[in-house]
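Q: Input structure: work.txt, which contains compact mmCIF, N, CA and C atoms.
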# COMPACT_ATOMS: atom_id res chain seq x y z
N MET A 4 14.24 44.90 27.41
CA MET A 4 14.91 45.40 26.25
C MET A 4 14.23 46.69 25.83
N PRO A 5 14.94 47.81 25.82
CA PRO A 5 14.33 49.08 25.49
C PRO A 5 13.93 49.14 24.02
N THR A 6 12.86 49.84 23.78
CA THR A 6 12.40 50.07 22.41
C THR A 6 12.34 51.57 22.17
N SER A 7 11.93 51.94 20.98
CA SER A 7 11.84 53.36 20.66
C SER A 7 10.73 54.03 21.47
N ASP A 8 9.77 53.24 21.98
CA ASP A 8 8.67 53.81 22.77
C ASP A 8 9.00 53.87 24.25
N GLY A 9 10.09 53.29 24.65
CA GLY A 9 10.46 53.27 26.06
C GLY A 9 10.86 51.88 26.46
N PRO A 10 11.10 51.67 27.75
CA PRO A 10 11.54 50.35 28.21
C PRO A 10 10.42 49.32 28.08
N ASP A 11 10.84 48.06 27.90
CA ASP A 11 9.89 46.95 27.79
C ASP A 11 9.59 46.45 29.20
N LEU A 12 8.50 46.91 29.76
CA LEU A 12 8.13 46.58 31.14
C LEU A 12 7.12 45.44 31.15
N PRO A 13 7.07 44.67 32.25
CA PRO A 13 6.06 43.62 32.35
C PRO A 13 4.66 44.24 32.39
N GLN A 14 3.69 43.48 31.92
CA GLN A 14 2.32 43.97 31.91
C GLN A 14 1.79 44.06 33.32
N ASP A 15 1.02 45.10 33.59
CA ASP A 15 0.40 45.30 34.90
C ASP A 15 -0.61 44.18 35.14
N PRO A 16 -0.49 43.43 36.24
CA PRO A 16 -1.42 42.33 36.49
C PRO A 16 -2.86 42.80 36.70
N ASP A 17 -3.05 44.08 37.02
CA ASP A 17 -4.40 44.60 37.22
C ASP A 17 -5.06 45.07 35.93
N SER A 18 -4.29 45.16 34.86
CA SER A 18 -4.87 45.64 33.61
C SER A 18 -5.70 44.53 32.97
N PRO A 19 -6.75 44.91 32.24
CA PRO A 19 -7.61 43.89 31.62
C PRO A 19 -6.85 43.11 30.55
N VAL A 20 -7.17 41.84 30.44
CA VAL A 20 -6.55 40.98 29.43
C VAL A 20 -7.16 41.33 28.08
N GLU A 21 -6.33 41.45 27.09
CA GLU A 21 -6.82 41.77 25.76
C GLU A 21 -7.62 40.60 25.19
N ALA A 22 -8.67 40.91 24.48
CA ALA A 22 -9.52 39.88 23.89
C ALA A 22 -8.81 39.14 22.76
N THR A 23 -7.70 39.68 22.27
CA THR A 23 -7.00 39.04 21.17
C THR A 23 -6.08 37.91 21.64
N THR A 24 -5.92 37.76 22.94
CA THR A 24 -5.08 36.68 23.45
C THR A 24 -5.83 35.37 23.29
N PRO A 25 -5.35 34.48 22.42
CA PRO A 25 -6.08 33.23 22.19
C PRO A 25 -5.91 32.25 23.36
N THR A 26 -6.95 31.50 23.61
CA THR A 26 -6.89 30.46 24.63
C THR A 26 -6.05 29.31 24.08
N PRO A 27 -5.12 28.79 24.88
CA PRO A 27 -4.31 27.66 24.39
C PRO A 27 -5.22 26.49 23.97
N LEU A 28 -4.79 25.79 22.95
CA LEU A 28 -5.60 24.71 22.38
C LEU A 28 -6.00 23.67 23.43
N HIS A 29 -5.08 23.32 24.31
CA HIS A 29 -5.38 22.27 25.28
C HIS A 29 -6.39 22.71 26.35
N LEU A 30 -6.76 23.99 26.37
CA LEU A 30 -7.75 24.48 27.32
C LEU A 30 -9.10 24.79 26.67
N ARG A 31 -9.22 24.59 25.39
CA ARG A 31 -10.47 24.88 24.69
C ARG A 31 -11.43 23.70 24.86
N PRO A 32 -12.67 23.97 25.26
CA PRO A 32 -13.64 22.89 25.47
C PRO A 32 -13.86 22.01 24.24
N GLY A 33 -13.89 22.59 23.06
CA GLY A 33 -14.08 21.79 21.85
C GLY A 33 -12.94 20.82 21.60
N ALA A 34 -11.72 21.26 21.87
CA ALA A 34 -10.55 20.40 21.69
C ALA A 34 -10.56 19.27 22.71
N ILE A 35 -10.90 19.60 23.94
CA ILE A 35 -10.97 18.58 24.99
C ILE A 35 -12.05 17.55 24.65
N ALA A 36 -13.19 18.03 24.17
CA ALA A 36 -14.28 17.11 23.81
C ALA A 36 -13.88 16.21 22.65
N ALA A 37 -13.19 16.76 21.65
CA ALA A 37 -12.77 15.94 20.50
C ALA A 37 -11.84 14.82 20.94
N VAL A 38 -10.89 15.13 21.80
CA VAL A 38 -9.95 14.11 22.30
C VAL A 38 -10.69 13.09 23.15
N ALA A 39 -11.60 13.55 24.01
CA ALA A 39 -12.33 12.64 24.90
C ALA A 39 -13.22 11.69 24.11
N VAL A 40 -13.98 12.22 23.16
CA VAL A 40 -14.88 11.36 22.36
C VAL A 40 -14.06 10.37 21.53
N GLY A 41 -13.01 10.86 20.90
CA GLY A 41 -12.14 9.96 20.13
C GLY A 41 -11.52 8.89 21.02
N GLY A 42 -11.10 9.28 22.21
CA GLY A 42 -10.50 8.33 23.15
C GLY A 42 -11.47 7.26 23.60
N VAL A 43 -12.72 7.64 23.82
CA VAL A 43 -13.73 6.65 24.22
C VAL A 43 -13.90 5.60 23.12
N PHE A 44 -14.04 6.06 21.89
CA PHE A 44 -14.24 5.11 20.79
C PHE A 44 -12.99 4.27 20.52
N GLY A 45 -11.81 4.86 20.64
CA GLY A 45 -10.57 4.10 20.47
C GLY A 45 -10.42 3.02 21.53
N THR A 46 -10.81 3.35 22.76
CA THR A 46 -10.75 2.38 23.85
C THR A 46 -11.75 1.25 23.62
N LEU A 47 -12.95 1.59 23.18
CA LEU A 47 -13.96 0.56 22.92
C LEU A 47 -13.52 -0.40 21.81
N VAL A 48 -12.93 0.14 20.75
CA VAL A 48 -12.45 -0.72 19.66
C VAL A 48 -11.32 -1.62 20.15
N ARG A 49 -10.38 -1.04 20.91
CA ARG A 49 -9.27 -1.84 21.45
C ARG A 49 -9.82 -2.96 22.34
N TYR A 50 -10.77 -2.65 23.19
CA TYR A 50 -11.35 -3.64 24.08
C TYR A 50 -12.03 -4.76 23.28
N GLN A 51 -12.80 -4.39 22.27
CA GLN A 51 -13.50 -5.39 21.46
C GLN A 51 -12.53 -6.29 20.71
N VAL A 52 -11.47 -5.73 20.20
CA VAL A 52 -10.46 -6.56 19.52
C VAL A 52 -9.85 -7.54 20.53
N GLY A 53 -9.60 -7.07 21.75
CA GLY A 53 -9.07 -7.95 22.79
C GLY A 53 -10.03 -9.05 23.19
N VAL A 54 -11.32 -8.78 23.14
CA VAL A 54 -12.33 -9.79 23.46
C VAL A 54 -12.44 -10.81 22.32
N ILE A 55 -12.43 -10.31 21.09
CA ILE A 55 -12.58 -11.20 19.92
C ILE A 55 -11.32 -12.04 19.70
N PHE A 56 -10.15 -11.44 19.91
CA PHE A 56 -8.87 -12.13 19.71
C PHE A 56 -8.05 -12.10 21.00
N PRO A 57 -8.43 -12.90 22.00
CA PRO A 57 -7.69 -12.87 23.26
C PRO A 57 -6.29 -13.47 23.09
N THR A 58 -5.37 -12.98 23.89
CA THR A 58 -4.01 -13.51 23.89
C THR A 58 -3.89 -14.54 25.01
N PRO A 59 -3.64 -15.80 24.68
CA PRO A 59 -3.46 -16.80 25.74
C PRO A 59 -2.24 -16.46 26.59
N GLU A 60 -2.34 -16.73 27.87
CA GLU A 60 -1.24 -16.43 28.78
C GLU A 60 0.01 -17.19 28.36
N GLY A 61 1.12 -16.48 28.33
CA GLY A 61 2.38 -17.08 27.95
C GLY A 61 2.68 -17.04 26.47
N HIS A 62 1.77 -16.51 25.66
CA HIS A 62 1.97 -16.40 24.21
C HIS A 62 2.24 -14.96 23.82
N TRP A 63 2.86 -14.79 22.66
CA TRP A 63 3.16 -13.46 22.14
C TRP A 63 1.84 -12.70 21.92
N PRO A 64 1.74 -11.44 22.36
CA PRO A 64 0.50 -10.66 22.23
C PRO A 64 0.29 -10.14 20.80
N THR A 65 0.05 -11.04 19.87
CA THR A 65 -0.09 -10.68 18.46
C THR A 65 -1.19 -9.65 18.20
N PRO A 66 -2.40 -9.79 18.77
CA PRO A 66 -3.43 -8.77 18.50
C PRO A 66 -3.01 -7.37 18.96
N THR A 67 -2.41 -7.27 20.12
CA THR A 67 -1.96 -5.97 20.62
C THR A 67 -0.86 -5.41 19.75
N PHE A 68 0.06 -6.27 19.34
CA PHE A 68 1.15 -5.84 18.47
C PHE A 68 0.61 -5.31 17.14
N ILE A 69 -0.33 -6.05 16.55
CA ILE A 69 -0.91 -5.64 15.26
C ILE A 69 -1.68 -4.32 15.41
N MET A 70 -2.43 -4.17 16.52
CA MET A 70 -3.17 -2.92 16.74
C MET A 70 -2.22 -1.74 16.85
N ASN A 71 -1.10 -1.92 17.54
CA ASN A 71 -0.15 -0.82 17.68
C ASN A 71 0.52 -0.46 16.36
N ILE A 72 0.89 -1.46 15.57
CA ILE A 72 1.50 -1.19 14.26
C ILE A 72 0.48 -0.54 13.33
N LEU A 73 -0.73 -1.09 13.30
CA LEU A 73 -1.79 -0.53 12.46
C LEU A 73 -2.13 0.90 12.87
N GLY A 74 -2.24 1.13 14.17
CA GLY A 74 -2.56 2.46 14.66
C GLY A 74 -1.49 3.48 14.33
N ALA A 75 -0.22 3.08 14.45
CA ALA A 75 0.88 3.99 14.11
C ALA A 75 0.85 4.32 12.61
N PHE A 76 0.58 3.31 11.79
CA PHE A 76 0.49 3.54 10.34
C PHE A 76 -0.68 4.48 10.02
N LEU A 77 -1.83 4.22 10.62
CA LEU A 77 -3.00 5.07 10.37
C LEU A 77 -2.79 6.50 10.86
N LEU A 78 -2.07 6.66 11.96
CA LEU A 78 -1.75 8.00 12.44
C LEU A 78 -0.89 8.74 11.43
N GLY A 79 0.08 8.05 10.85
CA GLY A 79 0.91 8.65 9.82
C GLY A 79 0.10 9.05 8.60
N VAL A 80 -0.81 8.17 8.17
CA VAL A 80 -1.67 8.47 7.02
C VAL A 80 -2.57 9.67 7.33
N LEU A 81 -3.15 9.69 8.53
CA LEU A 81 -4.03 10.79 8.92
C LEU A 81 -3.29 12.12 8.92
N ILE A 82 -2.14 12.17 9.58
CA ILE A 82 -1.39 13.43 9.69
C ILE A 82 -0.93 13.89 8.31
N GLU A 83 -0.43 12.98 7.49
CA GLU A 83 0.01 13.36 6.14
C GLU A 83 -1.17 13.89 5.32
N SER A 84 -2.31 13.25 5.43
CA SER A 84 -3.50 13.71 4.70
C SER A 84 -3.93 15.09 5.16
N LEU A 85 -3.90 15.32 6.45
CA LEU A 85 -4.31 16.62 6.98
C LEU A 85 -3.33 17.72 6.59
N VAL A 86 -2.04 17.40 6.58
CA VAL A 86 -1.04 18.39 6.18
C VAL A 86 -1.24 18.77 4.72
N ARG A 87 -1.52 17.79 3.88
CA ARG A 87 -1.73 18.07 2.45
C ARG A 87 -3.03 18.84 2.22
N ALA A 88 -4.00 18.70 3.14
CA ALA A 88 -5.28 19.38 2.97
C ALA A 88 -5.23 20.86 3.33
N GLY A 89 -4.24 21.27 4.09
CA GLY A 89 -4.14 22.69 4.45
C GLY A 89 -3.61 22.89 5.85
N ASP A 90 -3.76 24.12 6.34
CA ASP A 90 -3.23 24.47 7.65
C ASP A 90 -4.01 23.77 8.77
N ASP A 91 -3.41 23.75 9.96
CA ASP A 91 -3.98 23.05 11.11
C ASP A 91 -5.00 23.95 11.79
N SER A 92 -6.18 24.05 11.19
CA SER A 92 -7.25 24.84 11.78
C SER A 92 -8.59 24.27 11.33
N GLY A 93 -9.64 24.68 12.01
CA GLY A 93 -10.99 24.24 11.64
C GLY A 93 -11.17 22.74 11.74
N TRP A 94 -11.78 22.15 10.72
CA TRP A 94 -12.09 20.72 10.74
C TRP A 94 -10.82 19.87 10.76
N ARG A 95 -9.74 20.36 10.18
CA ARG A 95 -8.49 19.58 10.17
C ARG A 95 -7.93 19.47 11.59
N GLN A 96 -8.01 20.54 12.34
CA GLN A 96 -7.53 20.51 13.72
C GLN A 96 -8.41 19.58 14.57
N THR A 97 -9.71 19.67 14.38
CA THR A 97 -10.63 18.79 15.11
C THR A 97 -10.40 17.33 14.74
N ALA A 98 -10.17 17.05 13.46
CA ALA A 98 -9.89 15.67 13.03
C ALA A 98 -8.59 15.17 13.63
N ARG A 99 -7.57 16.02 13.65
CA ARG A 99 -6.28 15.62 14.24
C ARG A 99 -6.45 15.29 15.72
N LEU A 100 -7.18 16.13 16.42
CA LEU A 100 -7.37 15.90 17.85
C LEU A 100 -8.27 14.70 18.12
N GLY A 101 -9.40 14.63 17.44
CA GLY A 101 -10.35 13.55 17.70
C GLY A 101 -9.89 12.20 17.20
N LEU A 102 -9.41 12.15 15.96
CA LEU A 102 -8.98 10.88 15.38
C LEU A 102 -7.55 10.52 15.77
N GLY A 103 -6.65 11.49 15.69
CA GLY A 103 -5.24 11.22 15.97
C GLY A 103 -4.95 11.06 17.45
N THR A 104 -5.13 12.14 18.20
CA THR A 104 -4.83 12.10 19.63
C THR A 104 -5.81 11.23 20.39
N GLY A 105 -7.11 11.38 20.11
CA GLY A 105 -8.13 10.65 20.84
C GLY A 105 -8.24 9.19 20.44
N PHE A 106 -8.79 8.95 19.24
CA PHE A 106 -9.07 7.57 18.81
C PHE A 106 -7.80 6.74 18.69
N LEU A 107 -6.85 7.19 17.87
CA LEU A 107 -5.65 6.38 17.64
C LEU A 107 -4.73 6.37 18.86
N GLY A 108 -4.78 7.42 19.67
CA GLY A 108 -4.01 7.41 20.91
C GLY A 108 -4.50 6.34 21.87
N ALA A 109 -5.82 6.19 21.96
CA ALA A 109 -6.38 5.15 22.82
C ALA A 109 -6.23 3.77 22.19
N PHE A 110 -6.37 3.71 20.88
CA PHE A 110 -6.25 2.44 20.15
C PHE A 110 -4.85 1.86 20.27
N THR A 111 -3.83 2.70 20.28
CA THR A 111 -2.44 2.23 20.32
C THR A 111 -1.80 2.46 21.69
N THR A 112 -2.54 2.27 22.73
CA THR A 112 -2.02 2.56 24.06
C THR A 112 -0.81 1.69 24.40
N TYR A 113 0.20 2.33 24.95
CA TYR A 113 1.43 1.63 25.30
C TYR A 113 1.23 0.70 26.49
N SER A 114 0.32 1.05 27.38
CA SER A 114 0.14 0.23 28.58
C SER A 114 -0.33 -1.18 28.25
N ALA A 115 -1.12 -1.34 27.19
CA ALA A 115 -1.60 -2.68 26.83
C ALA A 115 -0.45 -3.57 26.39
N ILE A 116 0.47 -3.04 25.60
CA ILE A 116 1.62 -3.86 25.18
C ILE A 116 2.53 -4.14 26.38
N ALA A 117 2.62 -3.20 27.31
CA ALA A 117 3.44 -3.43 28.50
C ALA A 117 2.86 -4.55 29.36
N VAL A 118 1.55 -4.55 29.54
CA VAL A 118 0.90 -5.60 30.33
C VAL A 118 1.01 -6.94 29.62
N ASP A 119 0.73 -6.96 28.31
CA ASP A 119 0.81 -8.22 27.56
C ASP A 119 2.23 -8.78 27.55
N THR A 120 3.21 -7.91 27.45
CA THR A 120 4.61 -8.36 27.47
C THR A 120 4.97 -8.92 28.84
N ASN A 121 4.46 -8.30 29.89
CA ASN A 121 4.71 -8.77 31.25
C ASN A 121 4.10 -10.16 31.46
N LEU A 122 2.97 -10.42 30.82
CA LEU A 122 2.32 -11.72 30.96
C LEU A 122 3.07 -12.84 30.24
N LEU A 123 4.03 -12.49 29.39
CA LEU A 123 4.84 -13.51 28.72
C LEU A 123 5.72 -14.27 29.71
N ALA A 124 6.11 -13.60 30.77
CA ALA A 124 7.04 -14.20 31.74
C ALA A 124 6.39 -15.29 32.56
Could I get this file's structure written as C-alpha cells?
A:
Amino acid sequence: MPTSDGPDLPQDPDSPVEATTPTPLHLRPGAIAAVAVGGVFGTLVRYQVGVIFPTPEGHWPTPTFIMNILGAFLLGVLIESLVRAGDDSGWRQTARLGLGTGFLGAFTTYSAIAVDTNLLA
C-alpha cells in the first residue's frame, strides 16, 4: 500500500532488527519460568489431593471434579482481581502467568478428569 513516503516495501532481511521490537511474551525467559514454576506446584498439589482422597475404581471421581470446579472458580477470581488492579504488565502479568496459566492450569488439568471418567467404565 503506497504512502506519502513511497511504496510500502517488505523490510530487507539483511537490515538490523530494531531494538524496539519486543520479544513475544511466550518467548521471554521470565514468562516461561513463571509458568513452569507455577505448573510444578499445581501438579504437586493435584497429586497430593489425589493421594489423600483417592477415587475408588468404578466410582465417580469426586476429588478431581471438585479440583476442576474450584480451580476454574479461582482462575476467574484471579483474573478479575488482576484486571481491577491495572493493566497486564509487571507483577500482574507474572501473577497471571505463574498462578493462572501455571499453577491453576496444572491444578485443573483436563487429562485427569478424562482418565478418571474412563475408569468409571
Q: Could you give me, as JSON lines, a per-residue list for region 21-78 of chain A showing, wherever an atom lies at most 8 Å from an atom of region 91-108 of chain A, the closest pair of atoms and their distance in Å to one decimal, using only C-alpha atoms and sorting by chain then residue number from low to high?
A:
{"residue": "A:Ala34", "atom": "CA", "partner": "A:Leu100", "partner_atom": "CA", "distance": 6.7}
{"residue": "A:Ala37", "atom": "CA", "partner": "A:Gly101", "partner_atom": "CA", "distance": 4.4}
{"residue": "A:Val38", "atom": "CA", "partner": "A:Gly105", "partner_atom": "CA", "distance": 4.2}
{"residue": "A:Ala39", "atom": "CA", "partner": "A:Gly105", "partner_atom": "CA", "distance": 6.2}
{"residue": "A:Val40", "atom": "CA", "partner": "A:Gly101", "partner_atom": "CA", "distance": 6.9}
{"residue": "A:Gly41", "atom": "CA", "partner": "A:Phe106", "partner_atom": "CA", "distance": 4.1}
{"residue": "A:Gly42", "atom": "CA", "partner": "A:Gly105", "partner_atom": "CA", "distance": 4.0}
{"residue": "A:Val43", "atom": "CA", "partner": "A:Phe106", "partner_atom": "CA", "distance": 7.2}
{"residue": "A:Phe44", "atom": "CA", "partner": "A:Phe106", "partner_atom": "CA", "distance": 6.1}
{"residue": "A:Gly45", "atom": "CA", "partner": "A:Phe106", "partner_atom": "CA", "distance": 4.1}
{"residue": "A:Thr46", "atom": "CA", "partner": "A:Phe106", "partner_atom": "CA", "distance": 7.4}
{"residue": "A:Gly74", "atom": "CA", "partner": "A:Leu107", "partner_atom": "CA", "distance": 5.8}
{"residue": "A:Ala75", "atom": "CA", "partner": "A:Leu107", "partner_atom": "CA", "distance": 7.8}
{"residue": "A:Leu77", "atom": "CA", "partner": "A:Leu107", "partner_atom": "CA", "distance": 7.8}
{"residue": "A:Leu78", "atom": "CA", "partner": "A:Gly103", "partner_atom": "CA", "distance": 5.9}
Q: Can you list, as a list of chain:residue names, all residues belonging to region 82-116 of chain A that DSSP tags as alpha helix (DSSP H)?
A: A:Ile82, A:Glu83, A:Ser84, A:Leu85, A:Val86, A:Arg87, A:Ala88, A:Trp94, A:Arg95, A:Gln96, A:Thr97, A:Ala98, A:Gly108, A:Ala109, A:Phe110, A:Tyr113, A:Ser114, A:Ala115, A:Ile116
Q: Residues as selected, N, CA and C atoms, written as a PDB file, in the frame of the given file, can you do that?
A:
ATOM      1  N   ILE A  82      -2.140  12.170   9.580  1.00  0.00           N
ATOM      2  CA  ILE A  82      -1.390  13.430   9.690  1.00  0.00           C
ATOM      3  C   ILE A  82      -0.930  13.890   8.310  1.00  0.00           C
ATOM      4  N   GLU A  83      -0.430  12.980   7.490  1.00  0.00           N
ATOM      5  CA  GLU A  83       0.010  13.360   6.140  1.00  0.00           C
ATOM      6  C   GLU A  83      -1.170  13.890   5.320  1.00  0.00           C
ATOM      7  N   SER A  84      -2.310  13.250   5.430  1.00  0.00           N
ATOM      8  CA  SER A  84      -3.500  13.710   4.700  1.00  0.00           C
ATOM      9  C   SER A  84      -3.930  15.090   5.160  1.00  0.00           C
ATOM     10  N   LEU A  85      -3.900  15.320   6.450  1.00  0.00           N
ATOM     11  CA  LEU A  85      -4.310  16.620   6.980  1.00  0.00           C
ATOM     12  C   LEU A  85      -3.330  17.720   6.590  1.00  0.00           C
ATOM     13  N   VAL A  86      -2.040  17.400   6.580  1.00  0.00           N
ATOM     14  CA  VAL A  86      -1.040  18.390   6.180  1.00  0.00           C
ATOM     15  C   VAL A  86      -1.240  18.770   4.720  1.00  0.00           C
ATOM     16  N   ARG A  87      -1.520  17.790   3.880  1.00  0.00           N
ATOM     17  CA  ARG A  87      -1.730  18.070   2.450  1.00  0.00           C
ATOM     18  C   ARG A  87      -3.030  18.840   2.220  1.00  0.00           C
ATOM     19  N   ALA A  88      -4.000  18.700   3.140  1.00  0.00           N
ATOM     20  CA  ALA A  88      -5.280  19.380   2.970  1.00  0.00           C
ATOM     21  C   ALA A  88      -5.230  20.860   3.330  1.00  0.00           C
ATOM     22  N   TRP A  94     -11.780  22.150  10.720  1.00  0.00           N
ATOM     23  CA  TRP A  94     -12.090  20.720  10.740  1.00  0.00           C
ATOM     24  C   TRP A  94     -10.820  19.870  10.760  1.00  0.00           C
ATOM     25  N   ARG A  95      -9.740  20.360  10.180  1.00  0.00           N
ATOM     26  CA  ARG A  95      -8.490  19.580  10.170  1.00  0.00           C
ATOM     27  C   ARG A  95      -7.930  19.470  11.590  1.00  0.00           C
ATOM     28  N   GLN A  96      -8.010  20.540  12.340  1.00  0.00           N
ATOM     29  CA  GLN A  96      -7.530  20.510  13.720  1.00  0.00           C
ATOM     30  C   GLN A  96      -8.410  19.580  14.570  1.00  0.00           C
ATOM     31  N   THR A  97      -9.710  19.670  14.380  1.00  0.00           N
ATOM     32  CA  THR A  97     -10.630  18.790  15.110  1.00  0.00           C
ATOM     33  C   THR A  97     -10.400  17.330  14.740  1.00  0.00           C
ATOM     34  N   ALA A  98     -10.170  17.050  13.460  1.00  0.00           N
ATOM     35  CA  ALA A  98      -9.890  15.670  13.030  1.00  0.00           C
ATOM     36  C   ALA A  98      -8.590  15.170  13.630  1.00  0.00           C
ATOM     37  N   GLY A 108      -4.780   7.420  19.670  1.00  0.00           N
ATOM     38  CA  GLY A 108      -4.010   7.410  20.910  1.00  0.00           C
ATOM     39  C   GLY A 108      -4.500   6.340  21.870  1.00  0.00           C
ATOM     40  N   ALA A 109      -5.820   6.190  21.960  1.00  0.00           N
ATOM     41  CA  ALA A 109      -6.380   5.150  22.820  1.00  0.00           C
ATOM     42  C   ALA A 109      -6.230   3.770  22.190  1.00  0.00           C
ATOM     43  N   PHE A 110      -6.370   3.710  20.880  1.00  0.00           N
ATOM     44  CA  PHE A 110      -6.250   2.440  20.150  1.00  0.00           C
ATOM     45  C   PHE A 110      -4.850   1.860  20.270  1.00  0.00           C
ATOM     46  N   TYR A 113       0.200   2.330  24.950  1.00  0.00           N
ATOM     47  CA  TYR A 113       1.430   1.630  25.300  1.00  0.00           C
ATOM     48  C   TYR A 113       1.230   0.700  26.490  1.00  0.00           C
ATOM     49  N   SER A 114       0.320   1.050  27.380  1.00  0.00           N
ATOM     50  CA  SER A 114       0.140   0.230  28.580  1.00  0.00           C
ATOM     51  C   SER A 114      -0.330  -1.180  28.250  1.00  0.00           C
ATOM     52  N   ALA A 115      -1.120  -1.340  27.190  1.00  0.00           N
ATOM     53  CA  ALA A 115      -1.600  -2.680  26.830  1.00  0.00           C
ATOM     54  C   ALA A 115      -0.450  -3.570  26.390  1.00  0.00           C
ATOM     55  N   ILE A 116       0.470  -3.040  25.600  1.00  0.00           N
ATOM     56  CA  ILE A 116       1.620  -3.860  25.180  1.00  0.00           C
ATOM     57  C   ILE A 116       2.530  -4.140  26.380  1.00  0.00           C
TER      58      ILE A 116
END
Q: Figure out the distance between atom N of Leu123 (chain A) and atom C of Gly61 (chain A), please, to one decimal in Å.
A: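 Here the two named atoms are 5.6 Å from each other.
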Q: What is the CA of Phe110 (chain A) to atom N of Phe76 (chain A) distance in Å?
A: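 Computed distance, CA of Phe110 (chain A) to atom N of Phe76 (chain A), equals 10.8 Å.
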Q: I'd like the interatomic distance between atom C of Ile72 (chain A) and CA of Thr112 (chain A), to a tenth of an Å.
A: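 About the pair atom C of Ile72 (chain A) and CA of Thr112 (chain A): they are 11.4 Å apart.
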Q: Considering all atoms listed in the file, can you say which of A:Thr26, A:Ser84, A:Thr58, A:Thr67 comes closest to Ile116 (chain A)?
A: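 Distance minimum relative to Ile116 (chain A) lands on A:Thr67.
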